[in-house]
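**Q** Input file: coords08.cif. Contents: mmCIF, N, CA and C atoms.
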data_upload
loop_
_atom_site.label_atom_id
_atom_site.label_comp_id
_atom_site.auth_asym_id
_atom_site.auth_seq_id
_atom_site.Cartn_x
_atom_site.Cartn_y
_atom_site.Cartn_z
N MET A 1 100.35 109.97 74.41
CA MET A 1 100.95 110.38 75.67
C MET A 1 99.85 110.62 76.69
N THR A 2 100.16 110.38 77.93
CA THR A 2 99.20 110.59 79.01
C THR A 2 98.84 112.07 79.11
N ASP A 3 97.59 112.35 79.35
CA ASP A 3 97.08 113.71 79.51
C ASP A 3 97.84 114.41 80.65
N ASP A 4 98.29 115.65 80.40
CA ASP A 4 99.02 116.41 81.42
C ASP A 4 98.21 116.58 82.70
N ALA A 5 96.90 116.72 82.57
CA ALA A 5 96.05 116.91 83.74
C ALA A 5 96.04 115.66 84.63
N ILE A 6 96.07 114.48 84.03
CA ILE A 6 96.12 113.23 84.81
C ILE A 6 97.47 113.15 85.52
N VAL A 7 98.53 113.55 84.86
CA VAL A 7 99.85 113.54 85.48
C VAL A 7 99.87 114.50 86.68
N LYS A 8 99.24 115.66 86.53
CA LYS A 8 99.17 116.61 87.66
C LYS A 8 98.44 115.99 88.83
N ARG A 9 97.35 115.27 88.57
CA ARG A 9 96.62 114.62 89.66
C ARG A 9 97.46 113.49 90.27
N MET A 10 98.22 112.81 89.43
CA MET A 10 99.12 111.77 89.94
C MET A 10 100.16 112.38 90.87
N LYS A 11 100.66 113.55 90.53
CA LYS A 11 101.62 114.25 91.38
C LYS A 11 101.00 114.64 92.72
N VAL A 12 99.72 114.99 92.71
CA VAL A 12 99.01 115.29 93.96
C VAL A 12 98.98 114.03 94.83
N ILE A 13 98.68 112.90 94.23
CA ILE A 13 98.64 111.63 94.97
C ILE A 13 100.01 111.30 95.54
N VAL A 14 101.06 111.50 94.75
CA VAL A 14 102.42 111.25 95.24
C VAL A 14 102.69 112.13 96.46
N LYS A 15 102.34 113.40 96.37
CA LYS A 15 102.54 114.32 97.50
C LYS A 15 101.72 113.89 98.71
N ASP A 16 100.46 113.50 98.48
CA ASP A 16 99.59 113.06 99.59
C ASP A 16 100.20 111.90 100.37
N HIS A 17 100.99 111.08 99.69
CA HIS A 17 101.54 109.88 100.31
C HIS A 17 103.00 110.01 100.72
N GLY A 18 103.54 111.23 100.63
CA GLY A 18 104.89 111.47 101.12
C GLY A 18 106.00 111.11 100.16
N GLY A 19 105.71 111.02 98.89
CA GLY A 19 106.73 110.76 97.89
C GLY A 19 106.46 109.51 97.09
N GLN A 20 107.27 109.35 96.04
CA GLN A 20 107.10 108.23 95.13
C GLN A 20 107.32 106.88 95.79
N LEU A 21 108.35 106.78 96.62
CA LEU A 21 108.64 105.50 97.26
C LEU A 21 107.53 105.08 98.21
N ALA A 22 107.04 106.02 99.00
CA ALA A 22 105.96 105.71 99.94
C ALA A 22 104.69 105.29 99.19
N LEU A 23 104.38 105.98 98.11
CA LEU A 23 103.21 105.62 97.31
C LEU A 23 103.40 104.23 96.70
N ALA A 24 104.57 104.00 96.13
CA ALA A 24 104.84 102.70 95.51
C ALA A 24 104.68 101.58 96.53
N ASN A 25 105.21 101.77 97.73
CA ASN A 25 105.08 100.75 98.78
C ASN A 25 103.62 100.55 99.18
N ALA A 26 102.85 101.65 99.22
CA ALA A 26 101.44 101.57 99.63
C ALA A 26 100.59 100.74 98.67
N ILE A 27 100.96 100.76 97.39
CA ILE A 27 100.14 100.03 96.40
C ILE A 27 100.84 98.82 95.81
N GLY A 28 102.05 98.55 96.28
CA GLY A 28 102.74 97.34 95.85
C GLY A 28 103.33 97.37 94.45
N VAL A 29 103.87 98.52 94.06
CA VAL A 29 104.54 98.62 92.76
C VAL A 29 105.95 99.16 92.99
N ASP A 30 106.75 99.12 91.94
CA ASP A 30 108.11 99.63 92.00
C ASP A 30 108.11 101.15 91.92
N GLN A 31 109.00 101.79 92.66
CA GLN A 31 109.10 103.25 92.64
C GLN A 31 109.41 103.76 91.24
N GLY A 32 110.18 103.00 90.48
CA GLY A 32 110.51 103.39 89.11
C GLY A 32 109.28 103.50 88.22
N PHE A 33 108.29 102.66 88.48
CA PHE A 33 107.03 102.69 87.74
C PHE A 33 106.32 104.02 87.98
N ILE A 34 106.27 104.44 89.25
CA ILE A 34 105.64 105.72 89.61
C ILE A 34 106.42 106.86 88.95
N SER A 35 107.74 106.81 89.01
CA SER A 35 108.59 107.84 88.44
C SER A 35 108.35 107.99 86.94
N LYS A 36 108.24 106.89 86.23
CA LYS A 36 108.01 106.94 84.78
C LYS A 36 106.68 107.61 84.45
N ILE A 37 105.66 107.34 85.26
CA ILE A 37 104.34 107.96 85.02
C ILE A 37 104.44 109.46 85.27
N VAL A 38 105.00 109.84 86.41
CA VAL A 38 105.10 111.26 86.80
C VAL A 38 105.94 112.05 85.80
N ASN A 39 106.98 111.43 85.27
CA ASN A 39 107.86 112.10 84.31
C ASN A 39 107.45 111.88 82.86
N GLN A 40 106.27 111.31 82.66
CA GLN A 40 105.67 111.09 81.35
C GLN A 40 106.55 110.27 80.42
N LYS A 41 107.23 109.31 80.98
CA LYS A 41 108.01 108.37 80.17
C LYS A 41 107.24 107.08 79.95
N GLN A 42 106.10 106.97 80.62
CA GLN A 42 105.22 105.81 80.46
C GLN A 42 103.79 106.28 80.61
N GLU A 43 102.91 105.65 79.87
CA GLU A 43 101.48 105.98 79.93
C GLU A 43 100.88 105.56 81.27
N MET A 44 99.91 106.31 81.73
CA MET A 44 99.12 105.92 82.90
C MET A 44 98.35 104.68 82.49
N SER A 45 98.43 103.64 83.28
CA SER A 45 97.82 102.36 82.90
C SER A 45 96.56 102.08 83.71
N TYR A 46 95.72 101.23 83.13
CA TYR A 46 94.54 100.76 83.84
C TYR A 46 94.94 100.08 85.14
N TYR A 47 96.04 99.34 85.11
CA TYR A 47 96.57 98.66 86.29
C TYR A 47 96.82 99.65 87.43
N LEU A 48 97.48 100.77 87.13
CA LEU A 48 97.78 101.77 88.16
C LEU A 48 96.51 102.48 88.62
N ILE A 49 95.65 102.83 87.69
CA ILE A 49 94.39 103.49 88.06
C ILE A 49 93.59 102.59 89.00
N ARG A 50 93.51 101.30 88.68
CA ARG A 50 92.78 100.34 89.51
C ARG A 50 93.37 100.28 90.91
N LYS A 51 94.69 100.22 91.01
CA LYS A 51 95.35 100.16 92.32
C LYS A 51 95.07 101.43 93.14
N LEU A 52 95.18 102.58 92.51
CA LEU A 52 94.94 103.84 93.22
C LEU A 52 93.50 103.95 93.71
N CYS A 53 92.58 103.49 92.88
CA CYS A 53 91.16 103.61 93.23
C CYS A 53 90.73 102.54 94.24
N PHE A 54 91.11 101.28 94.06
CA PHE A 54 90.69 100.23 94.97
C PHE A 54 91.46 100.26 96.28
N GLN A 55 92.76 100.41 96.21
CA GLN A 55 93.57 100.30 97.42
C GLN A 55 93.63 101.60 98.23
N LEU A 56 93.68 102.74 97.56
CA LEU A 56 93.81 104.01 98.25
C LEU A 56 92.53 104.84 98.24
N LYS A 57 91.52 104.32 97.57
CA LYS A 57 90.18 104.92 97.55
C LYS A 57 90.10 106.28 96.86
N TYR A 58 90.98 106.50 95.86
CA TYR A 58 90.82 107.70 95.04
C TYR A 58 89.66 107.48 94.09
N SER A 59 88.95 108.55 93.80
CA SER A 59 87.81 108.48 92.90
C SER A 59 88.29 108.35 91.45
N PRO A 60 87.80 107.34 90.73
CA PRO A 60 88.18 107.23 89.31
C PRO A 60 87.77 108.47 88.51
N GLU A 61 86.63 109.04 88.85
CA GLU A 61 86.16 110.24 88.15
C GLU A 61 87.14 111.38 88.34
N TRP A 62 87.61 111.57 89.58
CA TRP A 62 88.58 112.64 89.84
C TRP A 62 89.91 112.34 89.13
N LEU A 63 90.38 111.13 89.26
CA LEU A 63 91.69 110.77 88.71
C LEU A 63 91.70 110.89 87.18
N ILE A 64 90.68 110.40 86.52
CA ILE A 64 90.66 110.37 85.06
C ILE A 64 90.15 111.68 84.45
N LEU A 65 89.06 112.19 85.00
CA LEU A 65 88.41 113.36 84.40
C LEU A 65 88.71 114.68 85.10
N GLY A 66 89.12 114.60 86.37
CA GLY A 66 89.38 115.82 87.13
C GLY A 66 88.13 116.45 87.71
N THR A 67 87.04 115.69 87.75
CA THR A 67 85.78 116.20 88.30
C THR A 67 85.39 115.39 89.53
N GLY A 68 84.51 115.95 90.32
CA GLY A 68 84.04 115.23 91.51
C GLY A 68 85.05 115.30 92.65
N ASP A 69 84.79 114.50 93.67
CA ASP A 69 85.63 114.47 94.86
C ASP A 69 86.89 113.65 94.61
N LYS A 70 87.98 114.05 95.27
CA LYS A 70 89.25 113.34 95.11
C LYS A 70 89.17 111.93 95.68
N LYS A 71 88.55 111.79 96.82
CA LYS A 71 88.44 110.47 97.45
C LYS A 71 87.03 109.93 97.24
N ASP A 72 86.95 108.61 97.12
CA ASP A 72 85.69 107.93 96.91
C ASP A 72 84.76 108.18 98.10
N GLN A 73 83.49 108.38 97.85
CA GLN A 73 82.49 108.64 98.90
C GLN A 73 82.49 107.55 99.96
N GLN A 74 82.52 106.28 99.57
CA GLN A 74 82.48 105.19 100.54
C GLN A 74 83.66 105.24 101.48
N ALA A 75 84.83 105.60 101.00
CA ALA A 75 86.02 105.67 101.84
C ALA A 75 85.87 106.76 102.88
N ARG A 76 85.24 107.87 102.49
CA ARG A 76 85.09 108.99 103.43
C ARG A 76 84.12 108.66 104.54
N ILE A 77 83.14 107.79 104.29
CA ILE A 77 82.18 107.48 105.35
C ILE A 77 82.50 106.15 106.04
N GLY A 78 83.69 105.61 105.73
CA GLY A 78 84.15 104.42 106.44
C GLY A 78 83.66 103.09 105.91
N GLN A 79 83.05 103.06 104.75
CA GLN A 79 82.58 101.80 104.18
C GLN A 79 83.60 101.33 103.15
N THR A 80 84.65 100.70 103.63
CA THR A 80 85.72 100.29 102.73
C THR A 80 85.48 98.90 102.19
N ASP A 81 86.00 98.66 101.01
CA ASP A 81 85.91 97.37 100.35
C ASP A 81 87.32 96.78 100.34
N HIS A 82 87.53 95.72 101.09
CA HIS A 82 88.85 95.15 101.25
C HIS A 82 89.13 94.03 100.27
N ARG A 83 88.31 93.86 99.25
CA ARG A 83 88.57 92.82 98.26
C ARG A 83 89.83 93.15 97.47
N ASP A 84 90.52 92.14 97.06
CA ASP A 84 91.73 92.29 96.26
C ASP A 84 91.33 92.56 94.82
N PRO A 85 91.68 93.75 94.25
CA PRO A 85 91.26 94.07 92.88
C PRO A 85 91.92 93.17 91.83
N ASP A 86 93.01 92.51 92.19
CA ASP A 86 93.70 91.67 91.22
C ASP A 86 93.28 90.20 91.31
N ALA A 87 92.45 89.84 92.27
CA ALA A 87 92.08 88.44 92.49
C ALA A 87 91.46 87.80 91.26
N ALA A 88 90.67 88.52 90.53
CA ALA A 88 89.98 87.97 89.36
C ALA A 88 90.97 87.60 88.23
N TYR A 89 92.15 88.18 88.28
CA TYR A 89 93.13 87.96 87.22
C TYR A 89 94.11 86.83 87.55
N ARG A 90 94.00 86.27 88.74
CA ARG A 90 94.87 85.16 89.12
C ARG A 90 94.19 83.84 88.83
N SER A 91 94.95 82.82 88.49
CA SER A 91 94.34 81.50 88.24
C SER A 91 94.46 80.63 89.44
#
Let's see the structure in the file written out as structure tokens.

**A**
Amino acid sequence: MTDDAIVKRMKVIVKDHGGQLALANAIGVDQGFISKIVNQKQEMSYYLIRKLCFQLKYSPEWLILGTGDKKDQQARIGQTDHRDPDAAYRS
């Protein structure tokens, strides 16, 4: 089962984005997927972590371990990376 602390941080992200539907739309996933993670009916996936970190600039260290800054340093100073994190997986 997903660590309760990661679920708590996921709930913070949901709140930051104005709810599950808004977050789902921001990262291009179904709202039901977000709901299952928040309600611990599905494991937190690498796919979701990657989307949250690349697209919304959350720090992987904060999201996974609960340490460090919530947002990635580069995002805070305006150096964003607009590459598609899923591009390498497409043929």

**Q** Give me the residues within 12 Å of Lys36 of chain A as an MDAnalysis selection string, counting only C-alpha atoms and dropping any in the same chain fewer than 6 places off.

**A** chainID A and resid 2 7 10:11 20 24 30 42:45 48

**Q** Quick one: apply the PyMOL selection byres ((chain A and resi 59) around 6) to the file and drop the selected residues here as JSON, numbers by chain.

**A** {"A": [53, 57, 58, 60, 61, 62, 63, 64, 69, 70, 71, 72]}

**Q** To one decimal place, how far is atom N of Val14 of chain A from atom CA of Gln31 of chain A in Å?

**A**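 Going from atom N of Val14 of chain A over to atom CA of Gln31 of chain A covers 11.7 Å.
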
**Q** Take atom CA of Asp4 of chain A and atom N of Phe54 of chain A and report the distance between them in Å, one decimal.

**A**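 Answer for the atom CA of Asp4 of chain A to atom N of Phe54 of chain A separation: 21.2 Å.
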
**Q** Which distance in Å separates atom CA of Gly28 of chain A and atom N of Ala5 of chain A, to one decimal?

**A**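 Atom-to-atom, atom CA of Gly28 of chain A to atom N of Ala5 of chain A, that is 24.2 Å.
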
**Q** When distances are computed from only C-alpha atoms, which of A:Val38, A:Leu21, A:Asp16, A:Gly68 shows the smallest separation from Leu56 of chain A?

**A**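 Closest to Leu56 of chain A of all the choices is A:Asp16.
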
**Q** Counting all atoms listed in the file, figure out which residue out of A:Phe33, A:Ile27, A:Asn39, A:Ile13 gets nearest to Gln55 of chain A.

**A** A:Ile27
